[in-house]
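Novice: Could you have a look at this structure, given as structure tokens, before my questions?
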Amino acid sequence: YQAKRDRTGVEVYESKRDSNTPDRLGLLGDLRRALDAHEVQLHYQPKVRFDGQVAGLEALVRWVHPERGKVPPDEFIAIAESSGLMPYLTEYVLETALGQVAKWRAQGLHVPVAVNVSPRDVHTPGFAGSVAARLARHGVPAGALQLEITEHVLLEDPQRAADTLAGLTGHGVKMSLDDFGTGYSSLVHLRRLPVSELKIDRSFVARLAVDTEDAEIVRCTVDLAHSLGLLVVAEGVEDDETWERLRDLGCDAVQGWLVAAAMPPEETTAWLRARGSRGWQRPRAALPAAA
Ligand code: C2E
Ligand code: MG
Ligand code: MG
Ligand code: MG
């Protein structure tokens, strides 16, 4: 593998795109060990509505490898997915996230948390029941948990996926459709998936303010989602102008570095407390210098 340093000076692991099988195996063994050693952490990124209210937090997994440095989630999730380790990783993430939600609730911070689940999880027999049991064990109401899925859950055995998702929503867990627009024949899936929220992929949001085609795609997606009774969240909002365009297009909530990047638990607690009942306030745009 190659390593480079990111802005914080921490080494970032970068695999070569192809055929690094021994390396992948090494990383897989390390991940298994890292999960057992609780070296994998969750960070939390807020979703906020346009009035500033915090709609929820998304749990995003973080792994700092003792030698390789930060391993990007996309990298090790692909490995977990193809190796059979995914259900174990998901159990770990759910367990950690629900423990944190219970802690926040005990401190009077009632904020729903979204956990990303992979297609493999949705096809694991008994998944819906195990999520329900875990909620009960932590004393967390199902409404405080959201699961983010992608259209890929329907690639293989759509009937079983549909049954699992129906089981989850039956228990009161809310489902969100992540990375919307990057899958295949999205419209069919929207009808088949019992989701209450749709997240527009960052690739459409990034250039929204400068690319009229992207703006049209976002406009149509927002309208379609609303006509189906879904809430719409835009991912990857980095600047004021994009925020304003999304508000004008009728989007319901945003997530992105403009508001906050994913933060470690203690920092998230401080962030939530600082917002209190006022919610998140957009930093005032710098006033133009007097002529
Ligand atoms: P995702 O669920 O679509 O998460 C959004 C990704 O965009 C996150 O990357 C987040 O850090 C990043 N992001 C947020 N705001 C901005 C922004 O304003 N600009 C830019 N450029 N990026 C932004 P991250 O944390 O690297 O995660 C990548 C993907 O890995 C996630 O995409 C999700 O699919 C997956 N993932 C993360 N945690 C988990 C997990 O616990 N389980 C599973 N199954 N997948 C996970
Ligand atoms: Mg997500
Ligand atoms: Mg996403
Ligand atoms: Mg995405």
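A note on labels: chains of the structure tokens are A, B, ... as shown, every chain counts residues from 1, and ligands are counted from 1 in their shown order.
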What's around A:Leu27 at 9 Å? Count only C-alpha atoms, leave out sequence neighbours fewer than 4 positions away in its own chain, and write the answer as a ChimeraX atom specification.

Specialist: /A:22-23,31-32,76,79

Novice: When you look at A:Leu230 with a cut-off of 12 Å (counting only C-alpha atoms), what residues show up, excluding the ones that are within fewer than 4 positions of it in the same chain? I need them as a PyMOL selection string.

Specialist: chain A and resi 174-177+190-191+193-199+221-226+251-253

Novice: What do you get as a count of residues only if you pick all residues at most 9 Å from ligand 4, counting only C-alpha atoms and all ligand atoms?

Specialist: 11

Novice: When distances are computed from only C-alpha atoms and all ligand atoms, which of A:Leu85, A:Val233, A:Asp163, A:Leu208 shows the smallest separation from ligand 3?

Specialist: A:Val233

Novice: Ligand 2: which residues are within 7 Å, counting only C-alpha atoms and all ligand atoms, as a ChimeraX atom specification?

Specialist: /A:58,116,148,178

Novice: Those same residues - N, CA, C and O atoms - I'd like them written as a short mmCIF file (atom, residue, chain, number, x, y, z; two decimals), in the first residue's frame.

Specialist:
```cif
data_model
loop_
_atom_site.label_atom_id
_atom_site.label_comp_id
_atom_site.auth_asym_id
_atom_site.auth_seq_id
_atom_site.Cartn_x
_atom_site.Cartn_y
_atom_site.Cartn_z
N GLU A 58 -25.77 11.33 11.89
CA GLU A 58 -25.40 10.09 11.18
C GLU A 58 -24.11 9.56 11.79
O GLU A 58 -23.12 10.30 11.92
N ASN A 116 -25.53 3.46 8.96
CA ASN A 116 -25.47 2.92 7.59
C ASN A 116 -25.45 1.40 7.65
O ASN A 116 -24.64 0.83 8.38
N GLU A 148 -29.74 3.75 7.23
CA GLU A 148 -29.52 4.23 5.87
C GLU A 148 -29.15 3.04 4.99
O GLU A 148 -28.19 2.32 5.28
N ASP A 178 -29.98 6.18 0.95
CA ASP A 178 -28.72 6.94 0.86
C ASP A 178 -28.23 7.01 -0.58
O ASP A 178 -28.57 6.16 -1.40
#
```

Novice: Contacts of A:Leu135 at 9 Å or less, counting only C-alpha atoms, minus same-chain residues fewer than 6 places along, as a ChimeraX atom specification?

Specialist: /A:98,141-142,145

Novice: DSSP on the backbone: which residues in stretch 42-258 of chain A end up as helix (DSSP H, G or I)? Give the answer as a CSV table (one decimal) with C-alpha atoms, in the first residue's frame.

Specialist:
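Dumped to result_36.csv:
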```csv
chain,number,residue,atom,x,y,z
A,73,PRO,CA,-14.4,3.7,5.4
A,74,ASP,CA,-15.1,3.1,1.7
A,75,GLU,CA,-11.9,1.0,1.7
A,76,PHE,CA,-12.5,-1.3,4.7
A,77,ILE,CA,-16.2,-1.5,4.2
A,78,ALA,CA,-15.7,-3.0,0.8
A,79,ILE,CA,-13.3,-5.5,2.4
A,80,ALA,CA,-15.8,-6.3,5.2
A,81,GLU,CA,-18.5,-6.7,2.6
A,82,SER,CA,-16.7,-9.1,0.4
A,83,SER,CA,-15.2,-11.2,3.3
A,86,MET,CA,-19.8,-7.1,7.5
A,87,PRO,CA,-22.5,-8.5,9.9
A,88,TYR,CA,-19.9,-8.3,12.7
A,89,LEU,CA,-18.9,-4.7,11.8
A,90,THR,CA,-22.6,-3.7,11.6
A,91,GLU,CA,-23.3,-5.3,15.0
A,92,TYR,CA,-20.4,-3.3,16.4
A,93,VAL,CA,-21.7,-0.1,14.9
A,94,LEU,CA,-25.2,-0.6,16.1
A,95,GLU,CA,-24.1,-1.6,19.5
A,96,THR,CA,-21.9,1.5,19.8
A,97,ALA,CA,-24.4,3.9,18.3
A,98,LEU,CA,-27.3,2.7,20.5
A,99,GLY,CA,-25.1,2.8,23.6
A,100,GLN,CA,-24.3,6.4,22.7
A,101,VAL,CA,-28.0,7.3,22.0
A,102,ALA,CA,-28.9,5.9,25.4
A,103,LYS,CA,-26.2,8.0,27.1
A,104,TRP,CA,-27.4,11.1,25.3
A,105,ARG,CA,-31.0,10.4,26.2
A,106,ALA,CA,-30.0,10.0,29.9
A,119,PRO,CA,-26.9,-4.9,1.5
A,120,ARG,CA,-25.3,-7.9,3.2
A,121,ASP,CA,-26.9,-7.0,6.5
A,122,VAL,CA,-30.3,-6.7,5.0
A,127,PHE,CA,-31.6,-9.0,11.0
A,128,ALA,CA,-34.8,-7.1,11.8
A,129,GLY,CA,-35.4,-9.1,15.0
A,130,SER,CA,-31.8,-8.6,16.2
A,131,VAL,CA,-32.1,-4.8,15.7
A,132,ALA,CA,-35.4,-4.8,17.7
A,133,ALA,CA,-33.8,-6.8,20.5
A,134,ARG,CA,-30.8,-4.5,20.6
A,135,LEU,CA,-33.0,-1.4,20.8
A,136,ALA,CA,-34.9,-3.1,23.7
A,137,ARG,CA,-31.7,-4.0,25.5
A,138,HIS,CA,-30.5,-0.4,25.4
A,142,ALA,CA,-37.2,2.5,17.7
A,143,GLY,CA,-38.0,6.0,16.6
A,144,ALA,CA,-34.6,7.2,17.7
A,151,GLU,CA,-30.6,0.8,-3.7
A,152,HIS,CA,-28.0,-2.0,-3.8
A,153,VAL,CA,-30.1,-3.9,-1.3
A,154,LEU,CA,-32.4,-4.9,-4.1
A,158,PRO,CA,-35.3,-8.4,-3.6
A,159,GLN,CA,-38.1,-10.3,-1.9
A,160,ARG,CA,-36.0,-11.1,1.1
A,161,ALA,CA,-34.8,-7.5,1.3
A,162,ALA,CA,-38.3,-6.3,1.2
A,163,ASP,CA,-39.4,-8.6,4.0
A,164,THR,CA,-36.5,-7.5,6.2
A,165,LEU,CA,-37.2,-3.8,5.6
A,166,ALA,CA,-40.9,-4.4,6.3
A,167,GLY,CA,-39.9,-6.1,9.5
A,168,LEU,CA,-37.7,-3.2,10.5
A,169,THR,CA,-40.4,-0.5,9.7
A,170,GLY,CA,-42.9,-2.7,11.5
A,186,SER,CA,-33.9,4.5,-9.1
A,187,LEU,CA,-37.6,5.2,-9.7
A,188,VAL,CA,-38.7,1.6,-9.5
A,189,HIS,CA,-36.8,1.2,-6.2
A,190,LEU,CA,-38.4,4.2,-4.7
A,191,ARG,CA,-41.8,2.5,-5.1
A,192,ARG,CA,-40.5,-0.8,-3.6
A,202,ARG,CA,-23.1,14.5,-2.9
A,203,SER,CA,-22.2,14.2,-6.5
A,204,PHE,CA,-25.3,16.1,-7.5
A,205,VAL,CA,-25.1,18.6,-4.6
A,212,THR,CA,-27.7,24.0,-14.2
A,213,GLU,CA,-28.1,20.3,-15.1
A,214,ASP,CA,-27.2,19.2,-11.6
A,215,ALA,CA,-29.6,21.9,-10.3
A,216,GLU,CA,-32.4,20.5,-12.4
A,217,ILE,CA,-31.7,16.9,-11.2
A,218,VAL,CA,-31.9,18.1,-7.6
A,219,ARG,CA,-35.1,20.1,-8.3
A,220,CYS,CA,-36.8,17.0,-9.9
A,221,THR,CA,-35.6,14.7,-7.1
A,222,VAL,CA,-37.0,17.0,-4.4
A,223,ASP,CA,-40.3,17.3,-6.1
A,224,LEU,CA,-40.6,13.5,-6.8
A,225,ALA,CA,-39.6,12.7,-3.2
A,226,HIS,CA,-42.2,15.1,-1.8
A,227,SER,CA,-44.9,13.8,-4.1
A,240,ASP,CA,-23.6,29.1,1.7
A,241,GLU,CA,-24.7,29.4,-1.9
A,242,THR,CA,-25.5,25.6,-2.1
A,243,TRP,CA,-27.4,25.9,1.2
A,244,GLU,CA,-29.5,28.7,-0.2
A,245,ARG,CA,-30.2,27.0,-3.5
A,246,LEU,CA,-31.3,23.8,-1.6
A,247,ARG,CA,-33.6,25.9,0.6
A,248,ASP,CA,-35.1,27.5,-2.4
```

Novice: I need the residue nearest ligand 1 from this list: A:His171, A:Lys70, A:Arg49, A:Arg275. Use only C-alpha atoms and all ligand atoms for the distance.

Specialist: A:Lys70

Novice: Could you pull out the residues in stretch 7-206 of chain A that DSSP calls strand (DSSP E) from the backbone, as a count of residues only?

Specialist: 49

Novice: List as a list in words the protein and nucleic acid residues near A:Pro265, meaning an atom at most 8 Å away when only C-alpha atoms are counted, but skip any in the same chain fewer than 5 places from it.

Specialist: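 Counting only the stated atoms, we get Leu42, His43, Tyr44 and Gln100 of chain A.
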
Novice: Taking all heavy atoms for each residue, export the selection above as a PDB file, in the first residue's frame.

Specialist:
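Just written: result.pdb:
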```
ATOM      1  N   LEU A  42     -16.906   5.541  16.290  1.00  0.00           N
ATOM      2  CA  LEU A  42     -17.942   6.201  15.510  1.00  0.00           C
ATOM      3  C   LEU A  42     -17.821   7.699  15.691  1.00  0.00           C
ATOM      4  O   LEU A  42     -17.625   8.181  16.804  1.00  0.00           O
ATOM      5  CB  LEU A  42     -19.338   5.766  15.965  1.00  0.00           C
ATOM      6  CG  LEU A  42     -19.719   4.321  15.731  1.00  0.00           C
ATOM      7  CD1 LEU A  42     -21.180   4.103  16.105  1.00  0.00           C
ATOM      8  CD2 LEU A  42     -19.500   3.937  14.264  1.00  0.00           C
ATOM      9  N   HIS A  43     -17.926   8.418  14.582  1.00  0.00           N
ATOM     10  CA  HIS A  43     -18.064   9.864  14.639  1.00  0.00           C
ATOM     11  C   HIS A  43     -19.489  10.181  14.195  1.00  0.00           C
ATOM     12  O   HIS A  43     -20.148   9.349  13.589  1.00  0.00           O
ATOM     13  CB  HIS A  43     -17.031  10.547  13.731  1.00  0.00           C
ATOM     14  CG  HIS A  43     -15.642  10.523  14.314  1.00  0.00           C
ATOM     15  ND1 HIS A  43     -14.617  11.307  13.851  1.00  0.00           N
ATOM     16  CD2 HIS A  43     -15.116   9.809  15.340  1.00  0.00           C
ATOM     17  CE1 HIS A  43     -13.530  11.081  14.556  1.00  0.00           C
ATOM     18  NE2 HIS A  43     -13.794  10.174  15.462  1.00  0.00           N
ATOM     19  N   TYR A  44     -19.951  11.389  14.529  1.00  0.00           N
ATOM     20  CA  TYR A  44     -21.349  11.727  14.269  1.00  0.00           C
ATOM     21  C   TYR A  44     -21.449  13.025  13.494  1.00  0.00           C
ATOM     22  O   TYR A  44     -20.852  14.027  13.875  1.00  0.00           O
ATOM     23  CB  TYR A  44     -22.105  11.835  15.601  1.00  0.00           C
ATOM     24  CG  TYR A  44     -22.118  10.521  16.352  1.00  0.00           C
ATOM     25  CD1 TYR A  44     -21.097  10.195  17.254  1.00  0.00           C
ATOM     26  CD2 TYR A  44     -23.117   9.581  16.122  1.00  0.00           C
ATOM     27  CE1 TYR A  44     -21.094   8.971  17.924  1.00  0.00           C
ATOM     28  CE2 TYR A  44     -23.123   8.353  16.777  1.00  0.00           C
ATOM     29  CZ  TYR A  44     -22.110   8.060  17.679  1.00  0.00           C
ATOM     30  OH  TYR A  44     -22.097   6.850  18.324  1.00  0.00           O
ATOM     31  N   GLN A 100     -24.492   4.992  22.689  1.00  0.00           N
ATOM     32  CA  GLN A 100     -24.319   6.448  22.701  1.00  0.00           C
ATOM     33  C   GLN A 100     -25.670   7.166  22.760  1.00  0.00           C
ATOM     34  O   GLN A 100     -25.831   8.144  23.492  1.00  0.00           O
ATOM     35  CB  GLN A 100     -23.523   6.875  21.463  1.00  0.00           C
ATOM     36  CG  GLN A 100     -23.174   8.338  21.425  1.00  0.00           C
ATOM     37  CD  GLN A 100     -22.296   8.764  22.589  1.00  0.00           C
ATOM     38  OE1 GLN A 100     -21.174   8.301  22.729  1.00  0.00           O
ATOM     39  NE2 GLN A 100     -22.817   9.632  23.461  1.00  0.00           N
TER      40      GLN A 100
END
```
